[in-house]
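One structure below.
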Amino acid sequence: MSSNIPLPRRIYNFLGSLWFLIILLSTMLLALIAPTIINWFNPDLGYDVSVGALRSDWYGGWWFNILMGLLMVNLTVCTVKRVPWRFFWMWGFLITHSGILTLMIGAAVTFNSKIYGDLQAMEKDSYEYFTIENQNEITVATSSQRTAFPIAYNPYRPSRERRTFKLKDAPVYLHAEEFLPNVDPEPTYRETPDGQETIVEILVHQPDHDPKRVALKLNQHVLGPRLALMATTLTDTAFANLSEPAGEEGTLVITVDGETRELDLAREKETPVRVGGAQVTVLSWGSPGESSGDFWVRFEVARSGRQAETWEAQALNTDVSPRRVSPPGAAAPPDFMARLRPRFRVDAIHGSDISAAAYLCRTGSGLRYLFLNTRGQKEAGLLEPGRKLAYPFMKLPMEIELVRWMKNAEEIAVPTEVRKSRRRIPAIRLTVESENQRQTKWVKFFGGGVGFTVGDRRILVVFQGKQYRELPFTLTLDDFRVEFNKGTDSPRSFESDVTLQDHETGDVTKATIEVNTPMKYKGFVIYQASWDPDDPRVSIFQISKDPGKKILYLGWVMAISGAIFMFFLKPFLQRLLAAGHKGTDAPLASSGALILFALTTLGTIGGMLGPLLLPRVDALWLGLGIAGADLLLALVVVLIARAWVATRPVRALQTGEILSAGWCLNTAALVILLMMKVTA
């Protein structure tokens, strides 16, 4: 007989059938547990059970959206197939199904329209943007333009999928060739023929700690607690100038006609000293930053029968030392040797907060080390890989060990496991190509940017989260406070004082944001999420805007209200109806019926008057208050009706009908109030 049913009708019946619902729910159940099962067999796929992974890489798939759409179709067809509707008995069924559809619509709006991300704010700074979760971009800056390219990868698994971008107004191509979801935040290098940096890799040994690997860039200071580390290249003469003992202000070592004298700059200033066949007089001296980038001393050399000459010796730049200063004109090579051993104090170079320094030096004759302190004491020696060096002049809880000296090094990214309470640091391997020249480097997320040089073009590339810049306000972090549990590093509480200035009106709003106490402004919700343990001035906020949340509220209220009627009031009213048909008692008087109806709709009456009397009232909280009041009143009326069933069945039936009508009115009013919230 079913063969006589047209095919469209059979499809329609199947779409609204229970069997189709079971198939859909079973498929969706398998989809929900599939990520966990897949990870058991192949963890490298990256389908972990975290919310971010499932939302971005699994539930966001086109096939899952099709399943959700088919479920909505099944629910709609199932509802429509119930015609002709007996509204008095079926309104609970209709509003429950409508509420579930509304929930699904709200979920779809949330998934596709929700804006969610974080902002790392520094005290006293202002921000007009936040970083969107799981949406990244590479920003390319040249001398003439700045361009941002969205770049999407699964944030939980590596990828070698190649992506290519081109600058609009320049023949520059960027090739993203590899993606790593989390890398070691510490710089790591390897030696390659094309490497453009000199890197000295050391291990810092501390008691009760694993050795810490540190990469020193050439001629860049690394400042730690009381200790400055630096790697540099020097000539053998320059290293001798720095490492050999010197006077209070330095020592000039000069050799004339085979005789060598050491002149103390402070004690023998402006005092002629006979050296060989010349009179040598120290005139002045200085440190780096005063008139040059080197230690220097000026001295006069006077020989019998010749005009006196002024020369300058430098401690580091020994290739041009000494050089003649006066008299002006071309100078013949000096017929003497001179070098400066400066008074080399740590605090004069690195500041008063630093009391110790360690210099790792490459000289013409090999690797050397030099330890210094604030009193000018020095210790120097051979620098050998694997040898641990302890600072000799004061007790420091560390030893330094050279690992390797790389003359041609490039930075690489080292994959690492995600650490608890630490954000992920992804990285991409990027090749910049221009006019048949190319350069490849790793670019880490949220770093200061990586510079590329191709031909005569200098390009800065930053890998960062996509920034949402349509905030209707400017957020300023006024103060951030962290309180720790006594005797531990565990935070007990943290909170932020913020100021919001509206872009349109200029209004200023101040608030304190705490955990579980967010701030709401024009649809945006600002949560206190975390803080940076490495910098207590940095507060981390989560900012979201979810237009689907209001629709979800509406759907929940509709579904719950209809379900209460279906599973609680409807069976009770049916029992009252059966008893009422057998009763002979007199019905309620009209005044009594009106009083009972007013009682069951008291919450609705107050709720509808609320927005008129209090225009600023929040419709959501008002609606929830109405729902609570109506539920209590309905329970009271139910108790009255149950007490009357045995003796006054007609009045009990009438009371149930009034209760049903009041419940319908209350639900309709509640939905209207929530619609006001949704469309506000």
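Residue numbers start at 1 in each chain; chains themselves are named A, B, ... in the order of the structure tokens; ligands are numbered from 1 in the order shown.
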
If you run DSSP on this backbone, which residues of range 131-329 of chain A come out as helix (DSSP H, G or I), and could you give them as a compact mmCIF listing (two decimals) with C-alpha atoms, in the first residue's frame?
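Produced file part_11.txt, reproduced below:
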```
# COMPACT_ATOMS: atom_id res chain seq x y z
CA ASP A 236 94.64 39.43 20.68
CA THR A 237 95.95 42.91 21.50
CA ALA A 238 92.49 44.21 22.44
CA PHE A 239 91.87 41.19 24.69
CA ALA A 240 95.24 41.78 26.38
CA ASN A 241 94.32 45.46 26.89
CA LEU A 242 91.11 44.48 28.67
CA SER A 243 92.39 41.53 30.69
CA THR A 318 93.57 48.27 17.78
CA ASP A 319 93.67 48.28 13.96
CA VAL A 320 93.77 52.10 13.93
```

Margin query: Which residues are near range 354-368 of chain A? Cut-off 8 Å, only C-alpha atoms, ignore same chain within fewer than 4 positions. Put them as a ChimeraX atom specification.
Written below: /A:225-236,239,346-347,350,372-374,380-384

Could the residues in this selection be written to a file with C-alpha atoms, as a tab-separated table (two decimals), in the first residue's frame?
```
chain	number	residue	atom	x	y	z
A	225	PRO	CA	70.48	39.10	38.45
A	226	ARG	CA	73.69	41.03	39.19
A	227	LEU	CA	75.47	39.41	36.22
A	228	ALA	CA	75.98	40.62	32.65
A	229	LEU	CA	76.90	38.16	29.90
A	230	MET	CA	78.32	39.19	26.55
A	231	ALA	CA	79.92	37.49	23.56
A	232	THR	CA	82.29	39.47	21.36
A	233	THR	CA	85.22	39.21	18.95
A	234	LEU	CA	88.51	40.94	19.74
A	235	THR	CA	92.03	41.01	18.45
A	236	ASP	CA	94.64	39.43	20.68
A	239	PHE	CA	91.87	41.19	24.69
A	346	VAL	CA	81.41	46.62	35.36
A	347	ASP	CA	79.15	49.33	36.79
A	350	HIS	CA	76.37	48.02	32.50
A	372	LEU	CA	85.20	41.49	35.83
A	373	ASN	CA	83.76	43.17	38.91
A	374	THR	CA	83.05	46.72	40.10
A	380	ALA	CA	91.04	35.67	32.10
A	381	GLY	CA	91.75	32.30	30.58
A	382	LEU	CA	91.08	29.79	27.81
A	383	LEU	CA	87.43	29.16	26.94
A	384	GLU	CA	86.82	25.48	26.17
```

Next item on the list: Report the residues of range 193-383 of chain A whose backbone DSSP state falls under strand (DSSP E or B), written as a ChimeraX atom specification.
Entry: /A:197-205,212-218,222-223,227-233,250-256,259-264,269,273-275,278-286,296-303,309-314,323-326,336-342,356-363,366-373,378-382

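Considering only C-alpha atoms, the residue among A:Leu402, A:Ile526, A:Leu203, A:Ile115 positioned nearest to Pro547 in chain A is A:Ile115.
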
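Nearest to Thr476 in chain A of all the residues A:Asn408, A:Asn136, A:Leu7, A:Tyr127 is A:Tyr127, based on only C-alpha atoms.
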
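The interatomic distance for the pair CA of Lys388 in chain A and CA of His205 in chain A works out to 8.5 Å.
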
What are the closest atom pairs, with distances in Å to one decimal, for all residues of range 59-129 of chain A lying within 12 Å of range 482-498 of chain A? Consider only C-alpha atoms, order rows by chain and residue number, and present the result as a Markdown table.
```
| residue | atom | partner | partner_atom | distance |
| --- | --- | --- | --- | --- |
| A:Gln120 | CA | A:Ser496 | CA | 12.0 |
| A:Ala121 | CA | A:Ser496 | CA | 10.0 |
| A:Met122 | CA | A:Ser496 | CA | 10.7 |
| A:Glu123 | CA | A:Ser496 | CA | 9.2 |
| A:Lys124 | CA | A:Val498 | CA | 9.4 |
| A:Asp125 | CA | A:Val498 | CA | 10.3 |
| A:Ser126 | CA | A:Val498 | CA | 9.6 |
| A:Tyr127 | CA | A:Val498 | CA | 11.0 |
```
